[in-house]
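*Asks:* For reference, the structure I am asking about is given below.
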Amino acid sequence: MLRLLITVIFATCASFAMAQDRPNTILVIDGSGSMWGQIDGVNKIVIARDVVGDLLDSFPADQNLGLTVYGHRERGNCADIETVVAPGQGTSARIREAVNGINPRGKTPMTDALLAAAEALRYTEERATVILVSDGIETCNPDPCAAARAMEQAGIDFTAHVIGFDVTDPEALAQMQCLARETGGQFLTAGSADQLASALNAVVEEPVYVPQTVQIAGVLQPGGPEIAGSIRWNILPEAGANYDGAGPRYAIDLVAGRYDVVGIRESDGAEAGTVFDVAARETDQGQRVEVVFPEPAPDPTLVTFRAVIGTENGPEIETPVIWDVVSEDAGVVVDGEMANPMPAQLMPGAHTVTAYWAAEETASPPRQFIVTADPREIVVVFEPPAVKASVGAPSSAIVGSTIEVTWNGPGQEGDFIGIGKAGTSGSGRWRNFTETGAGSPLSLLVPPEPGAYVIGYFDGATNDMLGSVAIDVLPANITISAPAEVSVSETFEVAWTGPDYADDFIGIGLVGAGGSGQWRNFTMTSQGSPLQLRAPAAPGDYLIKYFLGQDNWASFEVAVTVTEPEISLSAPAEVEASTFFEVAWTGPDTPGDFIGIGKVGAGGSGQWRNFAATSDGNPARLQAPPEAGDYLIKYFLDQDNTALFEIPITVGQPQVSLTAPAEADVSQTIEVAWAGPDTPGDFIGIGKVGAGGSGQWLNYVATADGTPARLMTPSEPGEYLIKYFLDQDNTALIEVPITLREPEVSLSAPASAEVSTMIEVAWTGPDTPGDFIGVGKAGAGGSGQWRNYAETSTGNPVRLLVPAEPGDYVIKYFLDQRNTPLYEVPLTVTAAEVSMEVPAIVTGGTVVDIPWTGPNHAGDFIGIGLAGAGGSGQWRSYAPTVDGSPARLRIPTVGGDYAVQYFLDQDNTSALEIPVKVVTPAATLDAPATAAPGETIEVAWTGPNYDGDYIGLGKAGAGGSGQWRTYAETSGGPVLSLTLPEEPGEYLIQYFVNSDQTSIAKHALVIQ
């Protein structure tokens, strides 16, 4: 794009130290093709020659001047830039000749020409000013504005003044304005040769420089954040008076020149400085100078020293502690400081501390530690000092008594006062003890054994004895008076005297016995004197002793002899098995004594296979065991079940017989004649050959029902045994065999039927009470075999309800006994023909007519529920088919995906399902946001206004009827009145659809 008319660049350069010398000047002429354009009929190149000629005529002869041309040699080459005349004095004639010889032809590398002129003037080292005259937009550099910004940042004092000559393109004007703004220059426009000359004369005039605002800031590193603390500043120019200021940041207006600045940081007196130059500029462009200070010395850190006893969590020492702290860098920093705890400000680094506990005259070992920027605590642990205690107690006490003990000691948690035998060690030192937490004085239990004892104060943590006192433990005054001789298991009186402490008792045990064998029987002394004591069950020499409850300590004893009692038994020499017979007896008849019968040689509980308590009277009534054999009848003491006397008896086999048919049908009642002992509980049972346990009597009848017995045969054909069972241990005494036959059974029914219809089934079979015809899924087991059933007692044929689900089924004849199936025929259940006409979309709360066809069994119904719901959720509302077609169905209020289904009454089985979309009816409420308690407010509403709909008010978050503490029906009009509750709080006004009390609009209300 050859749009640039003329570019004239005057670049002036003067060294900073020679600001008053005339600068060098470079004239840059645009030789691009756009120079052939015209203004008022005159070619722009001609205007350029005239303007430059006039400028050369007035240009000072002693000022250096040069010429640069671009776009004058090649077409389309952005690198076509040439310095034709180097800056020098007396170059006007050569420049005029070169300008007049320019033949425009190339592109317009305006930005690169500007950069070439700046580099020729060494703009990064010296002050440089460029004057640019242009008629159009840059055609080579994509971003002249960015290039100008870069030159401004790189230059010492670089300025570009821009003159727009005959420029109307908004983009070109924006570029030129940016070039001037980024470099601190002026932007002027000219529309003719005269205006161009005036503009050139304006920008080449000697510039007027203004002071620059210099911001001086202290930092710790270049580009780092500024120091926040106060700094005193001193600025020294190369000539003239100094400037003083204070910061942290300090702003001052300075003229062009070189300056020294020195800052003193007030926090630590650190000093830093730098040298900076202020450029000569025609506008105040501001300048920032950073002064880099050394890192400040770190602040001291608070370290707290604490001396404690025992562990780091132990108690703090309250008496004087003297501290010495030595720094690895600075030596002694704390010398003999007396305090606890002791705070100190220490510099970061390695240190060593030593503490001296003056009261105990002991020093801690040196401890090394590190100080960082974070405060910390150093704990020095001293070993606990030896602790002492004193104890006060009586000089003597009676065994087992409770005495008062006073004490003076540390009273730490777990400390205790203990009493133990003199000269013992370990835990023997505290036979009994009480914790000091009980106070002083405290109660202490005296041991049960007389002797010399020591009462001590014990440290609960170490069990060390801190103090002690001696005490003599004396025997108690105890007596016992009892008979010299008693009979085994006899209860007799014992008179006694003694301390009668809690849990003291009188016991009797064999001479020489130890431990709990010393009191085979016992009675607590709390029962008084005399007390009742029972003699042991075995005769022999015994001791009666007074035992202290503490440690069951025997404190006194007397001898007693236990003798054998007189016992006799009288019974028949022989009895039949399981019969009852009488046994006459004599004996002690102590509570719990009994007469028992058991096998000869049996031990333990086998000695009394059956028994009768002596308390039931004399003679005793005893039942013989069920097995024949040799037995012993024995008299047993209740105490330890001790056998005192025995006589032999023979148990004989009873006479038993059974008479029954050799064959019978299954599940039939047969007669069984029998003879036998007929003891209570005996029974006649039938079971499979080889069965054991309760399998021996699949069915049974009690002999108490008489003979012959009526016995039901099992339901399964096969070989069986009929047995006579004694009630005692279910012992079988005799058996006879019987064969059970398969009965003749048949069924006649339709091969197929529609779901939920009634069919007739003809049958033949045993027709025993409870037999039934059932229908169930093919392959089903258990109760699944009779999904529906009819008892055979209802007649032949039976009426059977077909299941509600299509599929393959089996009709079976079942015996009542164990529901045993005897015969079956297949049945195919077909689906019912059902249709419904359901709209695709309905509005919630409305009543919709649903035309339908179907079986219309009694109880069938049309229901609507949420899609995918189960159970009763499938019919949120419903209409019985008995009401006819169409069914009138109430639609749920809340919108969503629903399903309308035809339900068979049997098991509520769905026979047809059609989806339907329910849309929630729209409603709005308008009411105040706040109101006073008891106030009557108006509520405006819009909504479906179904029959019974209402506007209700209830507490926010309430459920159920709590949502409508007060209400008004919508039938009352579009604006309703509600009287508010007296209770303040947050409430909700809601529009409720009456059919299912569903809320379809809400409005918050605060009662206050």
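By convention in this document, the chains of the structure tokens carry letters A, B, ... by their order, each chain's residues are numbered from 1, and ligands are numbered from 1 in the order they are shown.
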Run DSSP on the backbone of this structure and report the residues of range 263-440 of chain A it assigns to helix (DSSP H, G or I), as a compact mmCIF listing (two decimals) with C-alpha atoms, in the first residue's frame.
*Replies:*
# COMPACT_ATOMS: atom_id res chain seq x y z
CA GLY A 426 6.46 -55.84 98.26
CA SER A 427 2.67 -55.82 98.30
CA GLY A 428 2.75 -57.59 101.69
CA ARG A 429 3.36 -54.16 103.16
CA THR A 436 -5.35 -40.55 100.86
CA GLY A 437 -8.04 -39.02 98.69
CA ALA A 438 -10.41 -40.04 101.52
*Asks:* Can you pull out every residue within 7 Å of Val275 in chain A, counting only C-alpha atoms, but drop anything in the same chain fewer than 2 positions away, and send it as a PyMOL selection string?
*Replies:* chain A and resi 259-261
*Asks:* Select, from A:Val829, A:Leu179, A:Ala197, A:Ala172, the residue with the minimum atom-to-atom distance to Glu152 in chain A, counting only C-alpha atoms.
*Replies:*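 So, comparing all the options, the nearest one is A:Leu179.
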*Asks:* Run DSSP on the backbone and tell me which residues of range 295-357 of chain A come out as strand (DSSP E or B); list them as a PDB file with C-alpha atoms, in the first residue's frame.
*Replies:*
ATOM      1  CA  THR A 301      12.705 -14.316  69.354  1.00  0.00           C
ATOM      2  CA  LEU A 302      10.848 -14.774  72.636  1.00  0.00           C
ATOM      3  CA  VAL A 303      11.996 -17.992  74.315  1.00  0.00           C
ATOM      4  CA  THR A 304      10.326 -18.981  77.609  1.00  0.00           C
ATOM      5  CA  PHE A 305      12.248 -21.269  79.976  1.00  0.00           C
ATOM      6  CA  ARG A 306      10.295 -23.364  82.483  1.00  0.00           C
ATOM      7  CA  ALA A 307      11.584 -25.727  85.159  1.00  0.00           C
ATOM      8  CA  VAL A 308       9.303 -28.623  86.185  1.00  0.00           C
ATOM      9  CA  ILE A 309       9.423 -31.737  88.354  1.00  0.00           C
ATOM     10  CA  GLU A 316       6.210 -26.170  87.822  1.00  0.00           C
ATOM     11  CA  VAL A 321      15.412 -21.284  89.747  1.00  0.00           C
ATOM     12  CA  ILE A 322      18.592 -19.633  88.361  1.00  0.00           C
ATOM     13  CA  TRP A 323      19.208 -19.670  84.589  1.00  0.00           C
ATOM     14  CA  ASP A 324      22.331 -19.419  82.431  1.00  0.00           C
ATOM     15  CA  VAL A 325      22.075 -19.291  78.605  1.00  0.00           C
ATOM     16  CA  VAL A 326      25.076 -19.367  76.251  1.00  0.00           C
ATOM     17  CA  SER A 327      24.813 -18.504  72.545  1.00  0.00           C
ATOM     18  CA  GLY A 331      28.585 -16.265  74.172  1.00  0.00           C
ATOM     19  CA  VAL A 332      26.757 -15.696  77.498  1.00  0.00           C
ATOM     20  CA  VAL A 333      23.402 -14.016  76.849  1.00  0.00           C
ATOM     21  CA  VAL A 334      21.643 -14.838  80.172  1.00  0.00           C
ATOM     22  CA  ASP A 335      23.776 -14.856  83.303  1.00  0.00           C
ATOM     23  CA  GLY A 336      22.264 -15.932  86.643  1.00  0.00           C
ATOM     24  CA  GLU A 337      18.714 -14.774  85.915  1.00  0.00           C
ATOM     25  CA  MET A 338      16.363 -15.888  88.754  1.00  0.00           C
ATOM     26  CA  MET A 342      11.935 -17.077  82.680  1.00  0.00           C
ATOM     27  CA  PRO A 343      11.269 -15.205  79.378  1.00  0.00           C
ATOM     28  CA  ALA A 344      14.246 -14.103  77.242  1.00  0.00           C
ATOM     29  CA  GLN A 345      14.677 -12.380  73.858  1.00  0.00           C
ATOM     30  CA  LEU A 346      17.291 -14.410  71.967  1.00  0.00           C
ATOM     31  CA  GLY A 349      20.911 -19.758  66.303  1.00  0.00           C
ATOM     32  CA  ALA A 350      22.248 -22.531  68.545  1.00  0.00           C
ATOM     33  CA  HIS A 351      22.159 -22.041  72.347  1.00  0.00           C
ATOM     34  CA  THR A 352      22.726 -24.014  75.552  1.00  0.00           C
ATOM     35  CA  VAL A 353      20.730 -23.568  78.789  1.00  0.00           C
ATOM     36  CA  THR A 354      21.490 -24.682  82.360  1.00  0.00           C
ATOM     37  CA  ALA A 355      19.071 -24.332  85.303  1.00  0.00           C
ATOM     38  CA  TYR A 356      19.872 -24.430  89.031  1.00  0.00           C
ATOM     39  CA  TRP A 357      17.136 -25.361  91.574  1.00  0.00           C
TER      40      TRP A 357
END
*Asks:* Mind pulling up the distance from CA of Glu791 in chain A to CA of Ala753 in chain A?
*Replies:*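 Computing it gives 20.2 Å between the two atoms.
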*Asks:* When distances are computed from only C-alpha atoms, which of A:Phe725, A:Phe611, A:Phe861, A:Trp553 shows the smallest separation from Leu658 in chain A?
*Replies:*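 Nearest candidate to Leu658 in chain A out of A:Phe725, A:Phe611, A:Phe861, A:Trp553: A:Phe725.
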*Asks:* Do a neighbour search on Gly692 in chain A at 12 Å with only C-alpha atoms, toss out local chain neighbours closer than 4 positions, and write the hits as a ChimeraX atom specification.
*Replies:* /A:686-688,696-698,721,730-732
*Asks:* Please identify all polymer residues within 12 Å of range 96-104 of chain A, counting only C-alpha atoms, omitting same-chain residues fewer than 3 positions from it, and present them as a short mmCIF file (atom, residue, chain, number, x, y, z; two decimals) with N, CA and C atoms, in the first residue's frame.
*Replies:*
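Ended up saving to part_3.cif:
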data_model
loop_
_atom_site.label_atom_id
_atom_site.label_comp_id
_atom_site.auth_asym_id
_atom_site.auth_seq_id
_atom_site.Cartn_x
_atom_site.Cartn_y
_atom_site.Cartn_z
N LEU A 2 0.83 2.00 -1.12
CA LEU A 2 1.65 3.21 -1.23
C LEU A 2 0.82 4.41 -0.83
N ARG A 3 0.62 4.54 0.53
CA ARG A 3 -0.28 5.59 1.00
C ARG A 3 0.47 6.78 1.58
N LEU A 4 1.74 6.64 1.93
CA LEU A 4 2.45 7.70 2.63
C LEU A 4 2.87 8.80 1.64
N LEU A 5 2.47 10.02 1.92
CA LEU A 5 2.82 11.15 1.05
C LEU A 5 4.26 11.58 1.27
N ILE A 6 4.60 11.95 2.48
CA ILE A 6 5.94 12.48 2.75
C ILE A 6 6.26 12.25 4.20
N VAL A 8 9.13 13.47 6.81
CA VAL A 8 10.32 14.28 7.06
C VAL A 8 10.67 14.10 8.51
N LEU A 27 17.39 14.39 8.15
CA LEU A 27 16.16 14.60 7.40
C LEU A 27 15.86 13.29 6.67
N VAL A 28 14.65 12.68 6.99
CA VAL A 28 14.24 11.42 6.36
C VAL A 28 13.13 11.73 5.37
N ILE A 29 13.39 11.45 4.08
CA ILE A 29 12.43 11.75 3.02
C ILE A 29 11.77 10.46 2.57
N ASP A 30 10.43 10.47 2.41
CA ASP A 30 9.64 9.35 1.93
C ASP A 30 9.77 9.29 0.42
N GLY A 31 10.35 8.22 -0.10
CA GLY A 31 10.48 8.05 -1.55
C GLY A 31 9.55 6.97 -2.07
N SER A 32 8.43 6.72 -1.35
CA SER A 32 7.52 5.66 -1.78
C SER A 32 6.62 6.15 -2.90
N GLY A 33 5.89 5.20 -3.51
CA GLY A 33 5.06 5.51 -4.67
C GLY A 33 3.96 6.50 -4.38
N SER A 34 3.50 6.60 -3.10
CA SER A 34 2.41 7.53 -2.79
C SER A 34 2.83 8.99 -2.94
N MET A 35 4.11 9.24 -3.09
CA MET A 35 4.59 10.63 -3.27
C MET A 35 4.06 11.24 -4.57
N TRP A 36 3.60 10.42 -5.51
CA TRP A 36 3.06 10.96 -6.77
C TRP A 36 1.63 11.45 -6.60
N GLY A 37 1.01 11.26 -5.41
CA GLY A 37 -0.31 11.83 -5.19
C GLY A 37 -0.27 13.35 -5.22
N ASN A 43 1.88 17.58 -7.28
CA ASN A 43 2.38 16.31 -6.74
C ASN A 43 2.99 16.51 -5.37
N LYS A 44 2.76 15.55 -4.55
CA LYS A 44 3.28 15.63 -3.17
C LYS A 44 4.81 15.67 -3.16
N ILE A 45 5.49 14.97 -4.10
CA ILE A 45 6.95 15.02 -4.13
C ILE A 45 7.45 16.43 -4.42
N VAL A 46 6.66 17.16 -5.25
CA VAL A 46 7.02 18.56 -5.57
C VAL A 46 6.86 19.42 -4.33
N ILE A 47 5.70 19.20 -3.58
CA ILE A 47 5.49 19.96 -2.34
C ILE A 47 6.63 19.67 -1.38
N ALA A 48 7.06 18.41 -1.31
CA ALA A 48 8.14 18.04 -0.40
C ALA A 48 9.43 18.76 -0.77
N ARG A 49 9.75 18.80 -2.07
CA ARG A 49 10.98 19.48 -2.49
C ARG A 49 10.95 20.96 -2.10
N ASP A 50 9.76 21.61 -2.31
CA ASP A 50 9.66 23.05 -1.97
C ASP A 50 9.79 23.27 -0.48
N VAL A 51 9.04 22.45 0.33
CA VAL A 51 9.07 22.66 1.78
C VAL A 51 10.48 22.42 2.31
N VAL A 52 11.14 21.33 1.83
CA VAL A 52 12.49 21.04 2.30
C VAL A 52 13.46 22.13 1.84
N GLY A 53 13.27 22.63 0.58
CA GLY A 53 14.15 23.71 0.09
C GLY A 53 14.06 24.94 0.97
N ASP A 54 12.82 25.33 1.31
CA ASP A 54 12.64 26.49 2.20
C ASP A 54 13.28 26.24 3.56
N LEU A 55 13.14 25.00 4.06
CA LEU A 55 13.72 24.68 5.37
C LEU A 55 15.24 24.75 5.31
N LEU A 56 15.84 24.28 4.18
CA LEU A 56 17.30 24.32 4.05
C LEU A 56 17.81 25.75 3.96
N ASP A 57 17.02 26.63 3.36
CA ASP A 57 17.45 28.03 3.22
C ASP A 57 17.62 28.69 4.57
N LEU A 65 23.69 18.31 9.69
CA LEU A 65 22.46 17.90 9.05
C LEU A 65 22.76 16.71 8.14
N GLY A 66 21.86 15.70 8.12
CA GLY A 66 22.02 14.53 7.25
C GLY A 66 20.70 14.20 6.55
N LEU A 67 20.75 13.21 5.65
CA LEU A 67 19.56 12.85 4.87
C LEU A 67 19.45 11.32 4.80
N THR A 68 18.25 10.83 5.09
CA THR A 68 17.90 9.40 4.90
C THR A 68 16.69 9.31 3.99
N VAL A 69 16.71 8.38 3.05
CA VAL A 69 15.59 8.21 2.10
C VAL A 69 15.18 6.74 2.12
N TYR A 70 13.84 6.46 1.97
CA TYR A 70 13.39 5.07 1.85
C TYR A 70 12.38 4.97 0.72
N GLY A 71 12.29 3.76 0.14
CA GLY A 71 11.34 3.48 -0.92
C GLY A 71 11.68 4.12 -2.25
N HIS A 72 12.93 4.48 -2.47
CA HIS A 72 13.30 5.24 -3.67
C HIS A 72 14.04 4.39 -4.68
N ARG A 73 14.34 3.12 -4.34
CA ARG A 73 15.16 2.35 -5.26
C ARG A 73 14.43 1.12 -5.81
N GLU A 74 13.59 0.44 -4.98
CA GLU A 74 12.95 -0.79 -5.44
C GLU A 74 11.47 -0.79 -5.08
N ARG A 75 10.72 -1.49 -5.88
CA ARG A 75 9.29 -1.66 -5.59
C ARG A 75 9.12 -2.86 -4.64
N GLY A 76 8.25 -2.69 -3.66
CA GLY A 76 7.84 -3.80 -2.78
C GLY A 76 8.89 -4.26 -1.80
N ASP A 80 14.17 -1.17 1.84
CA ASP A 80 14.77 -0.12 0.97
C ASP A 80 14.87 1.17 1.77
N GLU A 82 17.97 4.08 3.10
CA GLU A 82 19.37 4.47 2.82
C GLU A 82 19.66 5.83 3.43
N THR A 83 20.78 5.93 4.18
CA THR A 83 21.26 7.24 4.64
C THR A 83 22.15 7.81 3.51
N VAL A 84 21.59 8.75 2.79
CA VAL A 84 22.26 9.30 1.59
C VAL A 84 23.35 10.28 1.99
N VAL A 85 23.07 11.13 3.01
CA VAL A 85 24.05 12.14 3.46
C VAL A 85 24.19 11.96 4.97
N GLY A 90 27.42 22.07 6.67
CA GLY A 90 27.54 22.49 5.27
C GLY A 90 27.07 21.44 4.29
N THR A 91 26.06 20.67 4.66
CA THR A 91 25.57 19.61 3.77
C THR A 91 24.30 20.00 3.03
N SER A 92 23.86 21.28 3.12
CA SER A 92 22.57 21.68 2.55
C SER A 92 22.52 21.48 1.05
N ALA A 93 23.61 21.82 0.32
CA ALA A 93 23.60 21.72 -1.14
C ALA A 93 23.48 20.26 -1.56
N LYS A 107 7.71 0.89 -1.25
CA LYS A 107 6.74 0.80 -0.14
C LYS A 107 7.05 1.83 0.92
N THR A 108 6.34 1.79 2.05
CA THR A 108 6.45 2.79 3.11
C THR A 108 6.83 2.12 4.43
#
*Asks:* Can you pull out the residues contacting range 950-957 of chain A? Cut-off 7 Å, using only C-alpha atoms, and skip same-chain residues under 4 positions away; I want them as a list in words.
*Replies:*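 Listed by chain and then number, they are Gly962, Gln963, Trp964, Arg965, Thr966, Tyr967, Ala968, Glu969, Thr970, Glu986, Tyr987, Leu988, Ile989, Gln990, Tyr991, Phe992, Val993 and Asn994 of chain A.
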*Asks:* Taking only C-alpha atoms into account, name the residue in A:Ala662, A:Asn641, A:Lys917, A:Leu1005 that is nearest to Ile937 in chain A.
*Replies:*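 When distances to Ile937 in chain A are compared using only C-alpha atoms, the smallest one comes from A:Leu1005.
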*Asks:* May I have the residues within 12 Å of Gly514 in chain A as an mmCIF file with N, CA and C atoms, in the first residue's frame, using only C-alpha atoms and disregarding those fewer than 3 positions away in the same chain?
*Replies:*
data_model
loop_
_atom_site.group_PDB
_atom_site.id
_atom_site.type_symbol
_atom_site.label_atom_id
_atom_site.label_comp_id
_atom_site.auth_asym_id
_atom_site.auth_seq_id
_atom_site.Cartn_x
_atom_site.Cartn_y
_atom_site.Cartn_z
ATOM 1 N N ILE A 508 -18.855 -75.247 109.296
ATOM 2 C CA ILE A 508 -18.502 -76.597 109.748
ATOM 3 C C ILE A 508 -17.784 -77.309 108.604
ATOM 4 N N GLY A 509 -16.633 -77.968 108.947
ATOM 5 C CA GLY A 509 -15.867 -78.688 107.953
ATOM 6 C C GLY A 509 -15.082 -79.808 108.577
ATOM 7 N N LEU A 510 -14.600 -80.741 107.763
ATOM 8 C CA LEU A 510 -13.853 -81.890 108.268
ATOM 9 C C LEU A 510 -12.582 -81.442 108.968
ATOM 10 N N VAL A 511 -12.224 -82.206 109.990
ATOM 11 C CA VAL A 511 -10.952 -81.956 110.676
ATOM 12 C C VAL A 511 -9.826 -82.085 109.646
ATOM 13 N N GLY A 517 -12.928 -75.899 102.103
ATOM 14 C CA GLY A 517 -13.345 -77.155 102.729
ATOM 15 C C GLY A 517 -13.583 -76.997 104.208
ATOM 16 N N GLN A 518 -13.173 -75.846 104.785
ATOM 17 C CA GLN A 518 -13.375 -75.622 106.211
ATOM 18 C C GLN A 518 -14.822 -75.268 106.529
ATOM 19 N N TRP A 519 -15.595 -74.864 105.536
ATOM 20 C CA TRP A 519 -16.997 -74.525 105.783
ATOM 21 C C TRP A 519 -17.886 -75.251 104.763
ATOM 22 N N ARG A 520 -18.006 -76.602 104.995
ATOM 23 C CA ARG A 520 -18.849 -77.404 104.113
ATOM 24 C C ARG A 520 -20.258 -76.837 104.108
ATOM 25 N N LEU A 543 -15.046 -79.790 112.588
ATOM 26 C CA LEU A 543 -14.767 -78.620 113.419
ATOM 27 C C LEU A 543 -15.770 -77.529 113.057
ATOM 28 N N ASN A 552 -11.899 -64.657 105.030
ATOM 29 C CA ASN A 552 -12.452 -65.912 105.562
ATOM 30 C C ASN A 552 -11.498 -66.512 106.608
ATOM 31 N N TRP A 553 -11.053 -65.645 107.498
ATOM 32 C CA TRP A 553 -10.028 -66.028 108.487
ATOM 33 C C TRP A 553 -10.670 -66.751 109.679
ATOM 34 N N ALA A 554 -10.222 -67.992 109.913
ATOM 35 C CA ALA A 554 -10.742 -68.784 111.049
ATOM 36 C C ALA A 554 -10.101 -68.286 112.335
#
*Asks:* Which residues are close to Ala602 in chain A, i.e. within 12 Å by only C-alpha atoms, leaving aside same-chain residues fewer than 6 positions away? Reply as a count of residues only.
*Replies:* 8
